[in-house]
Structure formats: C-alpha cells, structure tokens
Amino acid sequence: MSEANAHRVAVFGAGYVGLVTGACFAELGHHVAVRDVVPEKIDALRRGEVPIFEPGLDELLARNRERLVFTTDVTEAIAGAEFVYVAVGTPPTLSGDADLSAVWTVIDELPDVDHRIVVAMKSTVPVGTGEKVRHRLDARGLGHVGYVSNPEFTAEGTAIKDFMEPDRIVIGAFDAADAEAVEELHAGIDAPIVRADVASAEMTKLAANAALMTRISFINEIANVCEATGADVVKVAEGIGYDRRIGKSFLRAGVGFGGSCFPKDSLALKQLAANSGYHFQVLNAVIEVNELQKRRVIGKLSDLLGGLRDKRIALLGLAFKPNTDDTREAPAFVLAGRLLAEGADVVVWDPIAGSDGLHGVEQVPSVEDAAREADAVVLVTEWPELQDVDWRAVGATMRSRVFVDGRNMLDPETMRAAGFRYAGIGRASNGNP
Ligand code: UDX
C-alpha cells in the first residue's frame with residue numbers, strides 16, 4: 001500500500017480482537033496505535049511479547065513493528081487517528097445483559113477532536129448500542145465524529161486468516177461516507193462487503209453466532225438420539241453435510257461449545273430478546289442442550305466405571321478448543337467440577353492451557369502422566385498431538401482401560417483393538433462389549 005492510502009487507526013483494547021485487528025490493519029499498511037488500560041500488557045507488547053496465544057500473531061506484530069504503537073495514553077492513541085476501533089470486553093452482567101461499561105469509558109474518554117474521525121465498533125454489543133453511542137456523541141457536541149458497526153467474525157486459532165480472508169465484511173453506518181471510509185480501510189482484503197444500517201450490522205454478529213451454536217446443539221441432539229437408537233452421528237453428519245443447503249461445517253458432535261464468544265453472546269441475545277418482550281425459544285433450547293451435553297459425559301463414565309467415587313479420571317485438554325490457551329467457558333472445567341463433586345480424583349493435561357481457577361485437580365505435563373493409574377481417560381479437546389499417541393502403550397499403564405472420546409477424534413475400531421472400552425459421542429452402533 002502506498003503511504004497516500006495508509007490511514008491512522010487507534011484500537012482500544014489489546015485483547016484477542018484488538019490485537020488481531022491492530023496487527024492486521026498494520027499488515028494492510030496502516031499506522032496503528034493499540035491502547036489498553038493494563039500497563040503490564042502494554043509494557044509486554046512494547047518489549048515484543050504477545051500476552052495471548054494466537055498462531056501467527058507474534059510474527060505479524062513483529063513484521064509490522066514500525067507501523068504499530070502500544071500505549072495506555074488515550075491522547076497519544078487518538079493523535080492524528082482517522083478511525084477509532086473499539087475492541088474492549090463486553091462480559092455478561094448478572095442479569096445476562098452485556099456489560100457495556102468498558103465501551104462507554106472509551107466513548108466518554110474520546111477527546112474533543114476537531115477533525116473527522118470514525119468510531120468503529122468491533123466489540124459484540126446489543127442491538128441499539130450504536131444508536132445510544134450516536135446520541136452520546138451528539139450530546140457532547142461530537143456530531144462530526146462518525147460511527148459504524150463493523151463486527152468481527154474471527155475465530156480463535158484462525159483469527160488472522162479469518163481477518164485477512166473473511167467470508168464477508170459487514171459495515172453498518174448512519175452515514176454513507178463513514179461506511180465508504182471503513183470499506184476503504186479494508187482495501188487489499190478480497191471479500192463481499194455487506195453494507196447495512198447500524199442495528200442490522202449489530203444483529204448480524206449476534207445472529208451469526210446463534211446460527212453456529214444452533215448447528216452444534218442440533219448435531220449434539222442428533223448424536224444423543226443416535227446413541228439411543230444405534231446410529232453413528234459421524235456418518236450422519238457426513239451424510240447430511242454433502243447437502244449443499246446444509247453444508248459440512250459445525251456439525252461435529254461433542255461435549256458442547258465453550259469459549260469467549262458463544263456462551264456469552266447466546267446469553268446476550270437471549271436477554272436482548274427478553275428485554276423486548278420476546279421469548280427466543282430456539283436459542284433457549286440451544287443453551288440448555290449445550291449445558292446438558294457437557295454433563296452427559298459424567299453419566300457415561302459412571303456407567304462404564306460403575307460409579308465415580310475414588311476413581312481417577314484423566315481429562316485431556318483444558319482449552320475450549322485446540323490451538324488456543326483460552327479456557328473461558330471450557331467444557332473441561334465443567335467436567336472437572338462435576339467429577340470432583342462425584343468424589344473422583346481428577347488429573348488434567350493440556351499442551352498450553354493452564355488450570356488456573358480449577359481447584360482440587362492435578363495438572364501434569366504429558367498424556368502418559370495423566371493416564372498412568374487412571375481408571376478412565378476423557379478426550380475433551382481435540383489437540384492434534386492426541387492423534388499420534390501410542391494408545392496401546394498408554395492403556396497398559398492404566399488401572400482400567402476406559403476411554404471417552406468427547407470429540408469423536410479417534411477411530412473406535414483402532415481404540416478397541418488397542419484394548420480400550422471406547423465410547424464416543426453419538427456412536428452407539430459401535431457397541432461396547
Ligand atoms: C466463534 C465464532 O466461530 C466466531 O465467528 C466468532 O467471532 C467468535 O466465536 P471461537 O469461539 O473462537 O469463534 O471458536 P469456534 O471455532 O467457533 O468454536 C466454538 C466452540 O464450538 C468450541 O468449543 C468448539 O469446540 C465448538 N464446536 C465447534 C463444536 O462443538 N462442534 C463444531 O462442529 C464446531
């Protein structure tokens with residue numbers, strides 16, 4: 001990109017979304033200032049340390065170092081900026097609504113700029129937030145500050161690719177010139193642009209997540225019916241996935257979804273609907289199925305082991321999915337808590353995620369250590385390295401060879417041939433002896 005086309009972007013929030021957004025805009029040739037309130041985070045970033053694990057992010061930040069500034073100072077971040085990206089956290093409050101206090105802090109801290117800037121919302125917010133921000137800016141005499149909703153659809157572990165090669169870019173604006181400017185900022189990215197009003201852009205983010213979660217809970221329920229009727233959900237998912245109207249993605253049955261987005265955003269959408277007097281039945285079912293799905297493994301283990309008291313259970317994987325160290329709302333934490341409550345001993349392994357906040361479990365450095373003397377192994381996160389484990393050798397060190405594959409990652413026949421009583425999710429037709 002020529003310097004003439006390069007823009008100045010301030011990104012508020014140095015979490016997953018903010019760092020990926022900042023790094024990718026710098027990669028596109030723009031000058032980016034990333035601002036966060038946590039000084040330790042900013043100091044680390046200045047030293048070239050990346051506070052989160054996201055494949056490729058450290059290289060991207062290093063490669064674009066000369067176009068990136070990290071600061072705790074609002075004035076420094078905003079100086080000369082044409083765009084202010086808001087990428088702060090919006091965690092759920094006790095009522096299930098999204099907590100927008102960090103968003104409001106950004107808006108209220110904006111200096112009285114006299115030049116035109118566009119505030120772009122990346123944080124996931126309830127529909128109607130843009131409208132409220134608009135009023136607040138106008139009330140401050142900042143009518144010349146533009147506002148767009150430009151939601152992110154990036155998934156952890158593939159965030160950089162998702163940003164640089166997205167399926168679409170959604171831009172919701174009050175003013176066509178602001179939408180135009182944000183579109184231009186994405187020059188170099190080849191993707192369909194969906195221009196919308198602000199409310200529709202906000203809803204698009206919530207609806208996209210809800211659609212994906214619905215697919216997961218749907219296939220998990222199909223899996224549960226498969227177990228009851230003797231079908232194999234892996235085959236069923238393959239069979240329906242070839243239907244172009246259905247598609248293959250997000251049809252992996254398992255122990256349920258977790259992560260920083262789905263659980264939080266499902267609650268936020270549920271609450272948003274409820275606040276407007278609407279009872280979102282499908283979404284309620286999606287959430288409930290997911291909660292039950294995490295707990296079904298407990299019943300399976302108990303059946304296979306004849307009770308759980310004093311049984312040693314090895315959980316493989318703490319992260320809510322592979323290729324991230326993120327354990328937010330991770331099914332492993334729910335499983336561990338339930339197992340401890342049933343009187344089991346729990347030993348956990350994960351190649352990068354830690355067990356902080358999980359009391360009463362032992363974390364060990366290898367799969368072999370976890371399985372030794374265990375009564376059962378539960379594969380919770382489908383880390384690729386689990387494919388290459390010598391399971392026969394691991395089984396030989398276990399007290400009893402029970403294996404619950406919570407992600408249907410391994411081949412049932414191979415595992416049975418290796419001496420395991422193996423149970424997947426929705427694979428009853430593989431019948432255990
Ligand atoms: C998700 C969305 O994909 C992304 O578009 C949005 O911006 C943020 O939320 P992320 O939470 O990073 O991204 O992970 P994702 O890969 O979508 O997985 C979410 C959860 O669903 C994981 O726990 C995963 O194990 C589970 N999942 C996913 C399934 O159980 N089955 C599937 O078929 C797919």
# chains A, B, ... in the order shown; residues from 1 in each chain; ligands from 1
$ closest_atom_pairs --of "chain A" --to "ligand 1" --cutoff "7 Å" --atoms "only C-alpha atoms and all ligand atoms" --output "JSON lines"
{"residue": "A:Glu152", "atom": "CA", "partner": "ligand 1", "partner_atom_place_in_ligand_line": "7 (O)", "distance": 5.5}
{"residue": "A:Phe153", "atom": "CA", "partner": "ligand 1", "partner_atom_place_in_ligand_line": "7 (O)", "distance": 3.5}
{"residue": "A:Thr154", "atom": "CA", "partner": "ligand 1", "partner_atom_place_in_ligand_line": "7 (O)", "distance": 4.3}
{"residue": "A:Ala155", "atom": "CA", "partner": "ligand 1", "partner_atom_place_in_ligand_line": "12 (O)", "distance": 3.4}
{"residue": "A:Glu156", "atom": "CA", "partner": "ligand 1", "partner_atom_place_in_ligand_line": "12 (O)", "distance": 3.6}
{"residue": "A:Gly157", "atom": "CA", "partner": "ligand 1", "partner_atom_place_in_ligand_line": "12 (O)", "distance": 6.8}
{"residue": "A:Asn209", "atom": "CA", "partner": "ligand 1", "partner_atom_place_in_ligand_line": "2 (C)", "distance": 6.0}
{"residue": "A:Ile216", "atom": "CA", "partner": "ligand 1", "partner_atom_place_in_ligand_line": "31 (N)", "distance": 5.2}
{"residue": "A:Ser249", "atom": "CA", "partner": "ligand 1", "partner_atom_place_in_ligand_line": "33 (O)", "distance": 6.2}
{"residue": "A:Phe250", "atom": "CA", "partner": "ligand 1", "partner_atom_place_in_ligand_line": "33 (O)", "distance": 3.1}
{"residue": "A:Leu251", "atom": "CA", "partner": "ligand 1", "partner_atom_place_in_ligand_line": "33 (O)", "distance": 4.1}
{"residue": "A:Arg252", "atom": "CA", "partner": "ligand 1", "partner_atom_place_in_ligand_line": "33 (O)", "distance": 3.5}
{"residue": "A:Ala253", "atom": "CA", "partner": "ligand 1", "partner_atom_place_in_ligand_line": "31 (N)", "distance": 5.6}
{"residue": "A:Gly254", "atom": "CA", "partner": "ligand 1", "partner_atom_place_in_ligand_line": "30 (O)", "distance": 5.3}
{"residue": "A:Val255", "atom": "CA", "partner": "ligand 1", "partner_atom_place_in_ligand_line": "30 (O)", "distance": 6.6}
{"residue": "A:Gly256", "atom": "CA", "partner": "ligand 1", "partner_atom_place_in_ligand_line": "30 (O)", "distance": 4.9}
{"residue": "A:Phe257", "atom": "CA", "partner": "ligand 1", "partner_atom_place_in_ligand_line": "23 (O)", "distance": 3.6}
{"residue": "A:Gly258", "atom": "CA", "partner": "ligand 1", "partner_atom_place_in_ligand_line": "23 (O)", "distance": 4.0}
{"residue": "A:Gly259", "atom": "CA", "partner": "ligand 1", "partner_atom_place_in_ligand_line": "11 (O)", "distance": 4.7}
{"residue": "A:Ser260", "atom": "CA", "partner": "ligand 1", "partner_atom_place_in_ligand_line": "11 (O)", "distance": 5.7}
{"residue": "A:Cys261", "atom": "CA", "partner": "ligand 1", "partner_atom_place_in_ligand_line": "9 (O)", "distance": 4.5}
{"residue": "A:Phe262", "atom": "CA", "partner": "ligand 1", "partner_atom_place_in_ligand_line": "9 (O)", "distance": 5.5}
{"residue": "A:Phe320", "atom": "CA", "partner": "ligand 1", "partner_atom_place_in_ligand_line": "23 (O)", "distance": 4.7}
{"residue": "A:Lys321", "atom": "CA", "partner": "ligand 1", "partner_atom_place_in_ligand_line": "25 (O)", "distance": 4.7}
{"residue": "A:Ala330", "atom": "CA", "partner": "ligand 1", "partner_atom_place_in_ligand_line": "23 (O)", "distance": 6.8}
$ residues_around --residues "Met164 (chain A)" --least-positions-apart "3" --cutoff "12 Å" --atoms "only C-alpha atoms" --output "JSON, numbers by chain"
{"A": [20, 21, 22, 23, 24, 25, 26, 27, 28, 60, 152, 153, 154, 158, 159, 160, 161, 167, 168, 169, 186, 187, 188, 189, 190, 191]}
$ select_by_dssp --residues "region 184-421 of chain A" --states "helix (DSSP H, G or I)" --output "number ranges by chain"
A: 184-185, 198-229, 233-241, 262-275, 281-305, 331-341, 367-371, 384-388, 391-396, 412-417
$ closest_residue --among "A:Val402, A:Ala418, A:Ala87, A:Ala228" --to "Asp390 (chain A)" --atoms "only C-alpha atoms"
A:Ala418
$ residues_around --residues "region 298-308 of chain A" --least-positions-apart "2" --cutoff "8 Å" --atoms "only C-alpha atoms" --output "PDB file with N, CA and C atoms, in the first residue's frame"
ATOM      1  N   ARG A 295     -22.540 -32.333  30.591  1.00  0.00           N
ATOM      2  CA  ARG A 295     -22.719 -33.228  31.745  1.00  0.00           C
ATOM      3  C   ARG A 295     -22.980 -34.676  31.361  1.00  0.00           C
ATOM      4  N   ARG A 296     -23.363 -34.923  30.124  1.00  0.00           N
ATOM      5  CA  ARG A 296     -23.660 -36.297  29.707  1.00  0.00           C
ATOM      6  C   ARG A 296     -22.456 -37.214  29.862  1.00  0.00           C
ATOM      7  N   ASP A 310     -13.808 -42.061  44.170  1.00  0.00           N
ATOM      8  CA  ASP A 310     -12.412 -42.513  44.272  1.00  0.00           C
ATOM      9  C   ASP A 310     -11.828 -43.036  42.958  1.00  0.00           C
ATOM     10  N   LYS A 311     -12.534 -42.799  41.863  1.00  0.00           N
ATOM     11  CA  LYS A 311     -11.966 -43.183  40.567  1.00  0.00           C
ATOM     12  C   LYS A 311     -11.048 -42.060  40.090  1.00  0.00           C
ATOM     13  N   LEU A 335     -16.646 -30.326  33.440  1.00  0.00           N
ATOM     14  CA  LEU A 335     -16.446 -31.759  33.678  1.00  0.00           C
ATOM     15  C   LEU A 335     -15.649 -31.990  34.957  1.00  0.00           C
ATOM     16  N   ARG A 338     -17.768 -31.310  38.044  1.00  0.00           N
ATOM     17  CA  ARG A 338     -18.759 -32.368  38.279  1.00  0.00           C
ATOM     18  C   ARG A 338     -18.079 -33.635  38.816  1.00  0.00           C
ATOM     19  N   LEU A 339     -16.948 -33.977  38.218  1.00  0.00           N
ATOM     20  CA  LEU A 339     -16.244 -35.207  38.643  1.00  0.00           C
ATOM     21  C   LEU A 339     -15.792 -35.093  40.090  1.00  0.00           C
ATOM     22  N   GLU A 342     -18.542 -35.603  42.396  1.00  0.00           N
ATOM     23  CA  GLU A 342     -18.942 -37.017  42.495  1.00  0.00           C
ATOM     24  C   GLU A 342     -17.927 -37.838  43.280  1.00  0.00           C
ATOM     25  N   GLY A 343     -16.856 -37.169  43.729  1.00  0.00           N
ATOM     26  CA  GLY A 343     -15.875 -37.868  44.550  1.00  0.00           C
ATOM     27  C   GLY A 343     -14.733 -38.493  43.766  1.00  0.00           C
ATOM     28  N   ALA A 344     -14.594 -38.131  42.499  1.00  0.00           N
ATOM     29  CA  ALA A 344     -13.485 -38.675  41.695  1.00  0.00           C
ATOM     30  C   ALA A 344     -12.225 -37.840  41.909  1.00  0.00           C
ATOM     31  N   ASP A 375      -8.409 -44.583  35.952  1.00  0.00           N
ATOM     32  CA  ASP A 375      -9.488 -45.535  35.672  1.00  0.00           C
ATOM     33  C   ASP A 375     -10.130 -45.241  34.323  1.00  0.00           C
ATOM     34  N   ALA A 376     -10.037 -44.000  33.908  1.00  0.00           N
ATOM     35  CA  ALA A 376     -10.602 -43.639  32.606  1.00  0.00           C
ATOM     36  C   ALA A 376      -9.929 -42.379  32.075  1.00  0.00           C
ATOM     37  N   VAL A 402     -10.647 -47.483  30.099  1.00  0.00           N
ATOM     38  CA  VAL A 402     -11.902 -46.871  29.658  1.00  0.00           C
ATOM     39  C   VAL A 402     -11.551 -45.546  28.984  1.00  0.00           C
ATOM     40  N   VAL A 404     -13.326 -42.239  26.978  1.00  0.00           N
ATOM     41  CA  VAL A 404     -14.465 -41.497  26.440  1.00  0.00           C
ATOM     42  C   VAL A 404     -13.902 -40.409  25.522  1.00  0.00           C
TER      43      VAL A 404
END
$ residues_around --residues "Pro111 (chain A)" --least-positions-apart "6" --cutoff "10 Å" --atoms "only C-alpha atoms" --output "PyMOL selection string"
chain A and resi 74-75+78-79+142
$ closest_residue --among "A:Arg416, A:Arg35, A:His144, A:Lys248" --to "Val119 (chain A)" --atoms "only C-alpha atoms"
A:His144
$ closest_residue --among "A:Gly48, A:Ile42, A:Arg215, A:Met415" --to "Arg63 (chain A)" --atoms "only C-alpha atoms"
A:Gly48
$ closest_residue --among "A:Asp112, A:Asp265, A:Asp369, A:Asp138" --to "Lys205 (chain A)" --atoms "only C-alpha atoms"
A:Asp265
$ atom_distance --atom1 "CA of Val348 (chain A)" --atom2 "CA of Ile313 (chain A)"
8.4 Å
$ residues_around --residues "region 360-363 of chain A" --least-positions-apart "2" --cutoff "12 Å" --atoms "only C-alpha atoms" --output "ChimeraX atom specification"
/A:312-318,332-333,335-341,343-358,365-367,369-371
$ select_by_dssp --residues "region 128-227 of chain A" --states "strand (DSSP E or B)" --output "list in words"
Gly146, Tyr147, Val148, Ser149, Ile169, Val170, Ile171, Gly172, Ala173, Ile193, Val194, Arg195 and Ala196 of chain A
$ residues_around --residues "Pro412 (chain A)" --least-positions-apart "4" --cutoff "10 Å" --atoms "only C-alpha atoms" --output "list in words"
Phe403, Asp405, Asn408, Arg416, Ala417, Ala418, Phe420, Arg421, Tyr422, Ala423, Gly424, Arg427, Asn430, Gly431 and Asn432 of chain A
$ atom_distance --atom1 "CA of Val9 (chain A)" --atom2 "CA of Gly141 (chain A)"
22.0 Å
$ closest_residue --among "A:Ser123, A:Gln281, A:Asn5, A:Gln293" --to "Asn224 (chain A)" --atoms "only C-alpha atoms"
A:Gln293
$ closest_residue --among "A:Ser95, A:Ser400, A:Ser200, A:Thr71" --to "Pro151 (chain A)" --atoms "only C-alpha atoms"
A:Ser200
$ residues_around --residues "Arg136 (chain A)" --least-positions-apart "3" --cutoff "12 Å" --atoms "only C-alpha atoms" --output "VMD selection string"
chain A and resid 103 to 110 129 to 133 139 to 143 145 147
$ decode --residues "region 11-43 of chain A" --atoms "N, CA, C and O atoms" --output "CSV table (one decimal), in the first residue's frame"
chain,number,residue,atom,x,y,z
A,11,VAL,N,-6.8,1.5,18.1
A,11,VAL,CA,-7.5,0.4,18.5
A,11,VAL,C,-7.6,0.4,20.1
A,11,VAL,O,-6.6,0.4,20.7
A,12,PHE,N,-8.8,0.4,20.6
A,12,PHE,CA,-9.0,0.4,22.1
A,12,PHE,C,-9.2,-1.0,22.5
A,12,PHE,O,-10.3,-1.6,22.2
A,13,GLY,N,-8.3,-1.5,23.3
A,13,GLY,CA,-8.5,-2.9,23.8
A,13,GLY,C,-7.4,-3.8,23.2
A,13,GLY,O,-7.4,-3.9,22.0
A,14,ALA,N,-6.5,-4.3,24.0
A,14,ALA,CA,-5.4,-5.2,23.5
A,14,ALA,C,-5.7,-6.7,23.8
A,14,ALA,O,-4.8,-7.4,24.2
A,15,GLY,N,-7.0,-7.1,23.7
A,15,GLY,CA,-7.3,-8.5,23.9
A,15,GLY,C,-7.2,-9.2,22.6
A,15,GLY,O,-6.5,-8.7,21.6
A,16,TYR,N,-7.8,-10.4,22.5
A,16,TYR,CA,-7.8,-11.1,21.2
A,16,TYR,C,-8.2,-10.3,20.0
A,16,TYR,O,-7.5,-10.2,19.0
A,17,VAL,N,-9.4,-9.7,20.1
A,17,VAL,CA,-9.9,-9.0,19.0
A,17,VAL,C,-9.1,-7.7,18.7
A,17,VAL,O,-8.8,-7.5,17.5
A,18,GLY,N,-8.7,-7.0,19.7
A,18,GLY,CA,-8.0,-5.7,19.5
A,18,GLY,C,-6.6,-6.0,18.9
A,18,GLY,O,-6.2,-5.3,17.9
A,19,LEU,N,-5.9,-7.0,19.4
A,19,LEU,CA,-4.6,-7.2,18.9
A,19,LEU,C,-4.6,-7.8,17.5
A,19,LEU,O,-3.8,-7.4,16.6
A,20,VAL,N,-5.6,-8.6,17.2
A,20,VAL,CA,-5.7,-9.2,15.8
A,20,VAL,C,-6.0,-8.0,14.9
A,20,VAL,O,-5.4,-7.9,13.8
A,21,THR,N,-7.0,-7.2,15.3
A,21,THR,CA,-7.4,-6.1,14.4
A,21,THR,C,-6.3,-5.2,14.2
A,21,THR,O,-6.0,-4.8,13.0
A,22,GLY,N,-5.6,-4.8,15.2
A,22,GLY,CA,-4.4,-3.9,15.1
A,22,GLY,C,-3.3,-4.4,14.2
A,22,GLY,O,-2.8,-3.8,13.3
A,23,ALA,N,-3.0,-5.7,14.5
A,23,ALA,CA,-1.9,-6.3,13.7
A,23,ALA,C,-2.3,-6.4,12.2
A,23,ALA,O,-1.5,-6.2,11.3
A,24,CYS,N,-3.5,-6.8,12.0
A,24,CYS,CA,-4.0,-7.0,10.6
A,24,CYS,C,-4.1,-5.6,9.8
A,24,CYS,O,-3.7,-5.5,8.7
A,25,PHE,N,-4.5,-4.6,10.5
A,25,PHE,CA,-4.6,-3.3,9.9
A,25,PHE,C,-3.1,-2.8,9.6
A,25,PHE,O,-2.9,-2.2,8.5
A,26,ALA,N,-2.2,-3.1,10.5
A,26,ALA,CA,-0.8,-2.7,10.2
A,26,ALA,C,-0.3,-3.5,9.0
A,26,ALA,O,0.4,-3.0,8.2
A,27,GLU,N,-0.7,-4.8,9.0
A,27,GLU,CA,-0.2,-5.6,7.8
A,27,GLU,C,-0.8,-5.1,6.5
A,27,GLU,O,-0.1,-5.1,5.5
A,28,LEU,N,-1.9,-4.4,6.6
A,28,LEU,CA,-2.5,-3.8,5.3
A,28,LEU,C,-1.8,-2.5,5.0
A,28,LEU,O,-2.1,-1.9,4.0
A,29,GLY,N,-0.9,-2.0,5.9
A,29,GLY,CA,-0.2,-0.8,5.6
A,29,GLY,C,-0.6,0.4,6.4
A,29,GLY,O,0.0,1.5,6.2
A,30,HIS,N,-1.5,0.2,7.3
A,30,HIS,CA,-2.0,1.4,8.1
A,30,HIS,C,-1.1,1.6,9.3
A,30,HIS,O,-0.4,0.7,9.7
A,31,HIS,N,-1.2,2.8,9.9
A,31,HIS,CA,-0.4,3.1,11.1
A,31,HIS,C,-1.4,2.9,12.3
A,31,HIS,O,-2.5,3.5,12.3
A,32,VAL,N,-1.0,2.0,13.2
A,32,VAL,CA,-2.0,1.6,14.3
A,32,VAL,C,-1.4,1.9,15.7
A,32,VAL,O,-0.3,1.6,16.0
A,33,ALA,N,-2.3,2.5,16.5
A,33,ALA,CA,-1.9,2.7,17.9
A,33,ALA,C,-2.9,1.8,18.7
A,33,ALA,O,-4.1,1.9,18.6
A,34,VAL,N,-2.3,0.8,19.5
A,34,VAL,CA,-3.2,0.0,20.3
A,34,VAL,C,-3.1,0.5,21.7
A,34,VAL,O,-2.1,0.6,22.3
A,35,ARG,N,-4.3,0.8,22.3
A,35,ARG,CA,-4.4,1.3,23.6
A,35,ARG,C,-5.1,0.3,24.6
A,35,ARG,O,-6.1,-0.2,24.2
A,36,ASP,N,-4.5,0.1,25.7
A,36,ASP,CA,-5.1,-0.7,26.7
A,36,ASP,C,-4.9,0.0,28.1
A,36,ASP,O,-4.0,0.7,28.3
A,37,VAL,N,-5.8,-0.4,29.0
A,37,VAL,CA,-5.7,0.3,30.4
A,37,VAL,C,-4.7,-0.5,31.3
A,37,VAL,O,-4.4,0.0,32.3
A,38,VAL,N,-4.3,-1.7,30.9
A,38,VAL,CA,-3.5,-2.5,31.7
A,38,VAL,C,-2.0,-2.2,31.3
A,38,VAL,O,-1.5,-2.7,30.3
A,39,PRO,N,-1.2,-1.5,32.2
A,39,PRO,CA,0.1,-1.1,31.9
A,39,PRO,C,1.0,-2.3,31.6
A,39,PRO,O,1.9,-2.3,30.7
A,40,GLU,N,0.9,-3.4,32.4
A,40,GLU,CA,1.7,-4.6,32.2
A,40,GLU,C,1.6,-5.1,30.8
A,40,GLU,O,2.6,-5.6,30.1
A,41,LYS,N,0.4,-5.1,30.3
A,41,LYS,CA,0.1,-5.6,28.9
A,41,LYS,C,0.8,-4.8,27.9
A,41,LYS,O,1.5,-5.3,27.0
A,42,ILE,N,0.7,-3.5,28.1
A,42,ILE,CA,1.3,-2.6,27.1
A,42,ILE,C,2.8,-2.7,27.2
A,42,ILE,O,3.5,-2.7,26.1
A,43,ASP,N,3.4,-2.7,28.4
A,43,ASP,CA,4.8,-2.9,28.5
A,43,ASP,C,5.3,-4.2,27.8
A,43,ASP,O,6.3,-4.1,27.1
